[in-house]
Every structure is written in C-alpha cells, then in structure tokens.
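Peer 1: One structure follows; several queries about it will come next.
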Amino acid sequence: MNSSAHSPVLITGGAGYIGSHAMLALLDQGRAAVVVDNLSTGRRGAVPDSVPFYEGNVDDGGLIAKIIGEHGCRDVMHFAGSIIVPESVEKPLDYYQNNVVRSAQLLRACLDSGIERFVFSSTAAVYDGDGAGQRPLAEDAVLAPANPYGRSKLMTEWMLRDVAAATGLRVAVLRYFNVAGADGAGRSGQYSKVTSHLIKRACQTVLGIQPHIDVFGDDYATPDGTCVRDYIHVTDLAWAHVAVLNHLQENAGTVTMNCGYGHGYSVTQVLDVVDQAAAEMLGAGPMLRRPGPRRQGDAASLVAETSRIRQTLNWQPKHDDLKVIAASALAWEKRLMDGTD
Ligand SMILES: NC(=O)c1ccc[n+]([C@@H]2O[C@H](COP(=O)([O-])OP(=O)(O)OC[C@H]3O[C@@H](n4cnc5c(N)ncnc54)[C@H](O)[C@@H]3O)[C@@H](O)[C@H]2O)c1
C-alpha cells in the first residue's frame, strides 16, 4: 500500500447510523477518520473526541477543500443523504437536492482537492423490485427505482461512473439491502427516532415507544404471505467499507457491489425473532401486530445475490444471524430509551 493508505478517510454523514459504524471499523483497523456532517439526522455524540468533526454541508466546497487540505485525505466515504422513502415521495426536490445536487458539489470539491478513491452508499431501491420475483438480485439486474429516493441514488451512481471514466477517480458503489442492528460494544446504533426500518420499529414497539407495529400485506407470493427482505448487520456492512477501500487502493476503475447476506426473512419471521429477544432480554410479552393492506411500491421479495462482494473482497460476514441482529438492535434501543446514550 502507498502512504495515502495512512491518511485519514473523510466520512460524510459520519454522525449518522451507518457512517458512524464505518468510522468505528476504520478506527478499529488503525486508520484515522475525519467527519463532516450537518447533524440533520446525525448526532454529534456518535463521533468520538479523537476524530476531527466539522459541522457543515457536503456542498460547502470551501469547507470540504479545507478539510481535505488540512488532513491530507485521499479517500472519501460518502454516507450523507436523506433516506426516508415516503418523505421522498412527498418532497422529491428535497431528495434530488440533498442526494444528487449536493453529491455533485461534493465531488467537484473532492476532485479539485486530489481525492483518489470514493465510496458511495447506494441502495437496493435502485432495482426493479416488482420484477425481482423470488430470485436474488445480481448487480446487473434491471434498474428501475420505484420512488424519488431510489432514483436520486441511481442518478448519483450514474454521475459517479461518468466522473470516474473522465478523471480516473476510483469509485465503489455499495448497494445496501436492509441494514439493521448496532455495534456489539454499544458504541453506536441507529439514533433517529423517525424510521421506517422494520427491526428498529419492532424494537420500539416491544419497548412500548410505539403502540403497535403495522404489517403491510399478508398476501404476497412468499412462504407466509409477508414481504421478504435481506437484513445485513451494520457491523458487517461497515467492514465491507474498509475492505472495499483496500480494494480501491490496488485496483483502478469503478466497482458496484450488493451488500446483503443472500437470504431473506419475512416480516412475520422478523417480528417473531424480535419478540423472542424481548422475552429473553426484558421478560416482555409479544408486540401488538396490526395487519393492514399492502403499501404501494413494496416488492414481495428483495434478496441480494452476493457472490461479487464475497469473491472480490473476500468479505466474510460475522453476524449473519437474525437473532444477533435483533438482540443488538433491541439492546441499543433500550439504551436510547433509558438515556444512557
Ligand atoms: N439505513 C439503511 O438501511 C440504508 C439502506 C440503503 C442505503 N442507505 C444509505 O446509507 C447512507 C447512510 O444512511 P443512514 O441509515 O446512516 O442514515 P442517517 O440519517 O443515520 O445518516 C445520514 C447522515 O448524513 C447527515 N447528512 C444528511 N445530509 C447531509 C448534508 N447535506 N451534509 C452533511 N451531512 C448530511 C445526517 O445528519 C446523518 O448524520 C445514506 O446515503 C442512505 O441512503 C441506508
């Protein structure tokens, strides 16, 4: 590796859920990090005092140039963005602004300041969910996002590919499936109260923060009729970021990789596992499930084909166990409720 492998990684959105876990993974590996975050959904406390923190927007070119110049960064992990699908349907321009326009501004500043490698948080929402059927989705599956959030991410993917081709910037596009769980040592987790993520909402429900959990549709073509998703532990995802940065160190060009485990669980299975974790950890009874109609835009099954990430990065997930994911998410949610974090 060359000397830039020792320069701090600039993490946008590092005060948020996934960015803070990637930061921890880098620190655990002995690499340094610098965080820029506007704290719109992130928490200042997610970034330890040892990590330089800059409060600001990713489209503030002056700030980005100053950070890169002062710290000698050559690598960027770009997590900052807006992530709530229903909100993107109501406020599409906000999503195109924050996810696409601001990413373009960030990229410009990065290129002007000598950034060599760029890792981007994309999503399974770029795929044609309706056409997915029961098959795992490979990276070359049909791309047809069903909402402005997914489209904003796909537009940014395209922009990155064009920029990489024109400039030699090395780019990794990581398409996350359903990210869940929390750091095993309790150092970070998902702070934001407002969420559409099933496991977080289920944990909020068993803790009494939510009165019930909605189950959107039970007549899908899946084994129990509820939607199937591929849940990936946030710590395994964080380590994929460290690994892909090492890959970019050695390899030019652009890589696109799914981040999931390659198998899915239904909504019913997830809720059963969270109930079980709550019974064991808190002695709590089962949560109240409220069956409802299908939600527009929900595909029956979204599961990642994962051979590319496993082979290219030799990525070996350590937390591929729904019980472990649910238990860590519940422990984190309880800490938040008790105010210990
Ligand atoms: N959570 C998931 O399941 C999931 C799935 C697929 C993709 N993603 C992607 O992963 C990334 C991180 O998601 P997350 O779950 O950690 O969300 P998050 O809301 O916890 O983190 C996003 C962070 O970015 C910051 N931010 C937002 N806009 C900013 C801006 N313009 N300038 C500076 N900071 C800004 C927020 O304050 C927050 O700290 C997002 O890009 C999201 O689209 C997440």
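Chain labels A, B, ... are given in the sequence in which chains occur in the structure tokens; within each chain residues are numbered consecutively from 1, and ligands are likewise numbered from 1 in the order shown.
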Give one line per residue of chain A that approaches ligand 1 to at most 8 Å, naming the two atoms of the closest pair and their distance in Å to one decimal, counting only C-alpha atoms and all ligand atoms; sort by chain then ascending residue number and deliver it as CSV.

Peer 2:
```
residue,atom,partner,partner_atom_place_in_ligand_line,distance
A:Thr12,CA,ligand 1,34 (N),6.0
A:Gly13,CA,ligand 1,24 (O),3.4
A:Gly14,CA,ligand 1,39 (O),5.9
A:Ala15,CA,ligand 1,39 (O),4.2
A:Gly16,CA,ligand 1,39 (O),3.3
A:Tyr17,CA,ligand 1,16 (O),3.6
A:Ile18,CA,ligand 1,16 (O),3.8
A:Gly19,CA,ligand 1,16 (O),5.5
A:Ser20,CA,ligand 1,16 (O),7.5
A:Val36,CA,ligand 1,33 (C),6.1
A:Asp37,CA,ligand 1,34 (N),3.6
A:Asn38,CA,ligand 1,34 (N),4.1
A:Leu39,CA,ligand 1,37 (O),3.6
A:Ser40,CA,ligand 1,37 (O),3.9
A:Thr41,CA,ligand 1,37 (O),4.0
A:Gly42,CA,ligand 1,39 (O),3.1
A:Arg43,CA,ligand 1,39 (O),6.4
A:Glu55,CA,ligand 1,33 (C),7.6
A:Gly56,CA,ligand 1,33 (C),5.7
A:Asn57,CA,ligand 1,32 (N),3.5
A:Val58,CA,ligand 1,32 (N),4.2
A:Asp59,CA,ligand 1,31 (N),6.7
A:His78,CA,ligand 1,41 (O),7.1
A:Phe79,CA,ligand 1,11 (C),4.2
A:Ala80,CA,ligand 1,24 (O),3.3
A:Gly81,CA,ligand 1,27 (C),4.1
A:Ser82,CA,ligand 1,27 (C),5.6
A:Ile83,CA,ligand 1,43 (O),4.7
A:Asn98,CA,ligand 1,31 (N),5.3
A:Asn99,CA,ligand 1,31 (N),7.5
A:Arg102,CA,ligand 1,31 (N),6.3
A:Phe120,CA,ligand 1,41 (O),7.6
A:Ser121,CA,ligand 1,10 (O),4.8
A:Ser122,CA,ligand 1,7 (C),5.0
A:Thr123,CA,ligand 1,6 (C),4.0
A:Ala124,CA,ligand 1,6 (C),6.5
A:Ala125,CA,ligand 1,6 (C),7.4
A:Tyr149,CA,ligand 1,43 (O),7.8
A:Lys153,CA,ligand 1,43 (O),7.2
A:Arg175,CA,ligand 1,6 (C),6.6
A:Tyr176,CA,ligand 1,6 (C),4.5
A:Phe177,CA,ligand 1,5 (C),5.7
A:Asn178,CA,ligand 1,3 (O),4.6
A:Val179,CA,ligand 1,3 (O),4.0
A:Ala180,CA,ligand 1,3 (O),6.7
A:Gln190,CA,ligand 1,20 (O),6.4
A:Tyr191,CA,ligand 1,20 (O),7.0
A:Ser192,CA,ligand 1,20 (O),6.5
A:His197,CA,ligand 1,3 (O),7.0
```

Peer 1: Restricted to C-alpha atoms, what would the selected residues look like written as a compact mmCIF listing (two decimals), in the first residue's frame?

Peer 2:
```txt
# COMPACT_ATOMS: atom_id res chain seq x y z
CA THR A 12 -19.56 12.41 5.13
CA GLY A 13 -22.55 11.62 7.31
CA GLY A 14 -20.25 10.06 9.90
CA ALA A 15 -22.53 11.18 12.74
CA GLY A 16 -25.31 9.02 11.30
CA TYR A 17 -26.15 5.37 11.68
CA ILE A 18 -24.06 3.58 9.05
CA GLY A 19 -21.35 6.23 8.73
CA SER A 20 -20.58 6.06 12.46
CA VAL A 36 -18.29 16.16 8.11
CA ASP A 37 -21.99 16.12 8.98
CA ASN A 38 -24.74 18.74 9.12
CA LEU A 39 -26.40 16.91 12.04
CA SER A 40 -29.79 16.98 10.30
CA THR A 41 -30.38 13.40 11.48
CA GLY A 42 -26.98 12.53 12.94
CA ARG A 43 -25.73 13.02 16.48
CA GLU A 55 -20.42 20.58 11.23
CA GLY A 56 -21.47 21.56 7.73
CA ASN A 57 -22.99 20.59 4.43
CA VAL A 58 -21.27 18.39 1.88
CA ASP A 59 -21.87 21.03 -0.80
CA HIS A 78 -20.00 9.38 1.24
CA PHE A 79 -22.89 8.43 3.53
CA ALA A 80 -24.55 11.84 3.89
CA GLY A 81 -28.02 11.94 2.42
CA SER A 82 -31.75 11.83 3.01
CA ILE A 83 -33.08 8.31 3.39
CA ASN A 98 -29.64 16.70 -0.93
CA ASN A 99 -28.74 13.41 -2.59
CA ARG A 102 -25.06 18.15 -3.10
CA PHE A 120 -20.75 5.72 -2.22
CA SER A 121 -23.74 4.47 -0.20
CA SER A 122 -26.31 3.25 -2.68
CA THR A 123 -29.30 1.04 -2.10
CA ALA A 124 -31.29 -1.99 -3.23
CA ALA A 125 -34.02 0.58 -4.00
CA TYR A 149 -35.21 8.25 -3.08
CA LYS A 153 -29.34 7.27 -5.59
CA ARG A 175 -25.84 -1.15 -2.77
CA TYR A 176 -27.08 -1.87 0.73
CA PHE A 177 -30.04 -4.12 1.34
CA ASN A 178 -31.82 -3.77 4.72
CA VAL A 179 -29.33 -2.53 7.26
CA ALA A 180 -30.07 -3.33 10.90
CA GLN A 190 -29.48 3.97 14.94
CA TYR A 191 -30.28 7.21 16.78
CA SER A 192 -33.00 8.70 14.64
CA HIS A 197 -36.99 0.33 9.25
```

Peer 1: Looking only at helix (DSSP H, G or I) from DSSP on the backbone, list the matching residues of stretch 20-251 of chain A as a VMD selection string.

Peer 2: chain A and resid 20 to 28 44 to 46 61 to 71 85 to 90 92 to 112 124 to 126 148 to 167 198 to 206 234 to 250

Peer 1: How close does stretch 133-229 of chain A get to stretch 262-285 of chain A? List, as a tab-separated table, each residue of stretch 133-229 of chain A within 7 Å, its nearest atom pair and the distance in Å to one decimal, counting only C-alpha atoms.

Peer 2:
```
residue	atom	partner	partner_atom	distance
A:Pro136	CA	A:Gly262	CA	6.8
A:Ala202	CA	A:Leu271	CA	6.6
A:Cys203	CA	A:Val274	CA	6.8
A:Val206	CA	A:Ala278	CA	6.7
A:Thr226	CA	A:Val267	CA	5.6
A:Cys227	CA	A:Ser266	CA	5.3
A:Val228	CA	A:Ser266	CA	4.1
A:Arg229	CA	A:Gly264	CA	4.8
```

Peer 1: Counting only C-alpha atoms, figure out which residue out of A:Arg151, A:His247, A:Arg290, A:Lys318 gets nearest to A:Arg117.

Peer 2: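 Nearest to A:Arg117: A:His247.
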
Peer 1: Please run DSSP on the backbone and report, as a list in words, all residues within stretch 87-174 of chain A that come out as strand (DSSP E or B).

Peer 2: Arg117, Phe118, Val119, Phe120, Ser121, Ser122, Thr123, Tyr127, Leu137, Leu143, Arg170, Val171, Ala172, Val173 and Leu174 of chain A

Peer 1: Please produce a file of those selected residues containing N, CA and C atoms, as a PDB file, in the first residue's frame.

Peer 2:
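Final output, result-v2.pdb:
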```
ATOM      1  N   ARG A 117      -9.967   8.117  -4.170  1.00  0.00           N
ATOM      2  CA  ARG A 117     -10.911   6.991  -4.031  1.00  0.00           C
ATOM      3  C   ARG A 117     -12.190   7.472  -3.355  1.00  0.00           C
ATOM      4  N   PHE A 118     -13.317   6.954  -3.835  1.00  0.00           N
ATOM      5  CA  PHE A 118     -14.612   7.462  -3.374  1.00  0.00           C
ATOM      6  C   PHE A 118     -15.565   6.283  -3.229  1.00  0.00           C
ATOM      7  N   VAL A 119     -16.106   6.115  -2.024  1.00  0.00           N
ATOM      8  CA  VAL A 119     -17.054   5.014  -1.761  1.00  0.00           C
ATOM      9  C   VAL A 119     -18.433   5.617  -1.540  1.00  0.00           C
ATOM     10  N   PHE A 120     -19.408   5.122  -2.260  1.00  0.00           N
ATOM     11  CA  PHE A 120     -20.746   5.722  -2.221  1.00  0.00           C
ATOM     12  C   PHE A 120     -21.784   4.747  -1.680  1.00  0.00           C
ATOM     13  N   SER A 121     -22.636   5.259  -0.785  1.00  0.00           N
ATOM     14  CA  SER A 121     -23.744   4.475  -0.205  1.00  0.00           C
ATOM     15  C   SER A 121     -24.921   4.466  -1.156  1.00  0.00           C
ATOM     16  N   SER A 122     -25.101   3.368  -1.875  1.00  0.00           N
ATOM     17  CA  SER A 122     -26.310   3.247  -2.682  1.00  0.00           C
ATOM     18  C   SER A 122     -27.244   2.234  -2.015  1.00  0.00           C
ATOM     19  N   THR A 123     -28.210   1.768  -2.745  1.00  0.00           N
ATOM     20  CA  THR A 123     -29.298   1.041  -2.104  1.00  0.00           C
ATOM     21  C   THR A 123     -29.922   0.008  -3.038  1.00  0.00           C
ATOM     22  N   TYR A 127     -33.102  -1.135  -7.758  1.00  0.00           N
ATOM     23  CA  TYR A 127     -33.541  -2.255  -8.600  1.00  0.00           C
ATOM     24  C   TYR A 127     -35.039  -2.198  -8.891  1.00  0.00           C
ATOM     25  N   LEU A 137     -31.138 -10.746  -6.405  1.00  0.00           N
ATOM     26  CA  LEU A 137     -30.842  -9.710  -7.388  1.00  0.00           C
ATOM     27  C   LEU A 137     -29.334  -9.561  -7.552  1.00  0.00           C
ATOM     28  N   LEU A 143     -32.530  -2.120 -13.498  1.00  0.00           N
ATOM     29  CA  LEU A 143     -32.579  -0.968 -12.589  1.00  0.00           C
ATOM     30  C   LEU A 143     -33.838  -0.164 -12.890  1.00  0.00           C
ATOM     31  N   ARG A 170     -11.194   6.566  -8.540  1.00  0.00           N
ATOM     32  CA  ARG A 170     -11.596   5.170  -8.288  1.00  0.00           C
ATOM     33  C   ARG A 170     -12.859   5.178  -7.435  1.00  0.00           C
ATOM     34  N   VAL A 171     -13.857   4.452  -7.879  1.00  0.00           N
ATOM     35  CA  VAL A 171     -15.177   4.549  -7.242  1.00  0.00           C
ATOM     36  C   VAL A 171     -15.704   3.169  -6.866  1.00  0.00           C
ATOM     37  N   ALA A 172     -16.250   3.081  -5.663  1.00  0.00           N
ATOM     38  CA  ALA A 172     -17.005   1.884  -5.266  1.00  0.00           C
ATOM     39  C   ALA A 172     -18.433   2.291  -4.941  1.00  0.00           C
ATOM     40  N   VAL A 173     -19.365   1.653  -5.598  1.00  0.00           N
ATOM     41  CA  VAL A 173     -20.784   1.860  -5.319  1.00  0.00           C
ATOM     42  C   VAL A 173     -21.259   0.645  -4.534  1.00  0.00           C
ATOM     43  N   LEU A 174     -21.677   0.865  -3.300  1.00  0.00           N
ATOM     44  CA  LEU A 174     -22.166  -0.251  -2.487  1.00  0.00           C
ATOM     45  C   LEU A 174     -23.679  -0.133  -2.360  1.00  0.00           C
TER      46      LEU A 174
END
```

Peer 1: Can you work out which one of A:Val76, A:Val89, A:Ala304, A:Ala166 has the shortest atom-to-atom distance to A:Val244, counting only C-alpha atoms?

Peer 2: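 For A:Val244, the nearest of the given residues is A:Val76.
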
Peer 1: Name the closest residue to A:Leu313 among the candidates A:Thr167, A:Thr235, A:Asn246, A:Gln29; distances are taken between atoms, counting only C-alpha atoms.

Peer 2: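 Ranking A:Thr167, A:Thr235, A:Asn246, A:Gln29 by distance to A:Leu313, first place goes to A:Asn246.
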
Peer 1: Quick check, in Å to one decimal: how far apart do atom CA of A:Pro52 and atom CA of A:Met257 lie?

Peer 2: 29.4 Å

Peer 1: Need the shell around A:Glu139: protein/DNA/RNA residues with any atom at most 8 Å away, counting only C-alpha atoms. Skip same-chain ones fewer than 5 positions apart. Format as a tab-separated table (two decimals) with N, CA and C atoms, in the first residue's frame?

Peer 2:
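The resulting file, out27.tsv, is shown below:
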```
chain	number	residue	atom	x	y	z
A	256	THR	N	-19.21	-2.01	-8.47
A	256	THR	CA	-20.55	-1.92	-7.89
A	256	THR	C	-20.84	-3.24	-7.20
A	257	MET	N	-21.25	-3.18	-5.95
A	257	MET	CA	-21.45	-4.44	-5.21
A	257	MET	C	-22.68	-4.37	-4.33
A	258	ASN	N	-23.42	-5.46	-4.35
A	258	ASN	CA	-24.51	-5.63	-3.40
A	258	ASN	C	-23.96	-5.90	-2.02
A	305	GLU	N	-27.98	-11.05	-4.45
A	305	GLU	CA	-27.00	-12.04	-4.93
A	305	GLU	C	-25.64	-11.49	-4.47
```

Peer 1: Report, in Å to a single decimal, how far apart atom CA of A:Val242 and atom CA of A:Arg31 are.

Peer 2: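 Computing the Euclidean distance for atom CA of A:Arg31 and atom CA of A:Val242 yields 9.5 Å.
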
Peer 1: With distances taken over only C-alpha atoms, which of A:Ser7, A:Gln97, A:Thr312, A:Ser50 is nearest to A:Cys73?

Peer 2: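 For A:Cys73, the nearest of the candidates is A:Ser7.
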
Peer 1: Between A:Ala46, A:Ile309, A:Val34, A:Val324, which residue has the minimum interatomic distance to A:Gly184, considering only C-alpha atoms?

Peer 2: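 That would be A:Val324, the residue with the smallest distance to A:Gly184.
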
Peer 1: Quick one: pull the distance between atom CA of A:Val35 and atom CA of A:Leu10, Å, one decimal.

Peer 2: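 Separation between atom CA of A:Val35 and atom CA of A:Leu10: 5.9 Å.
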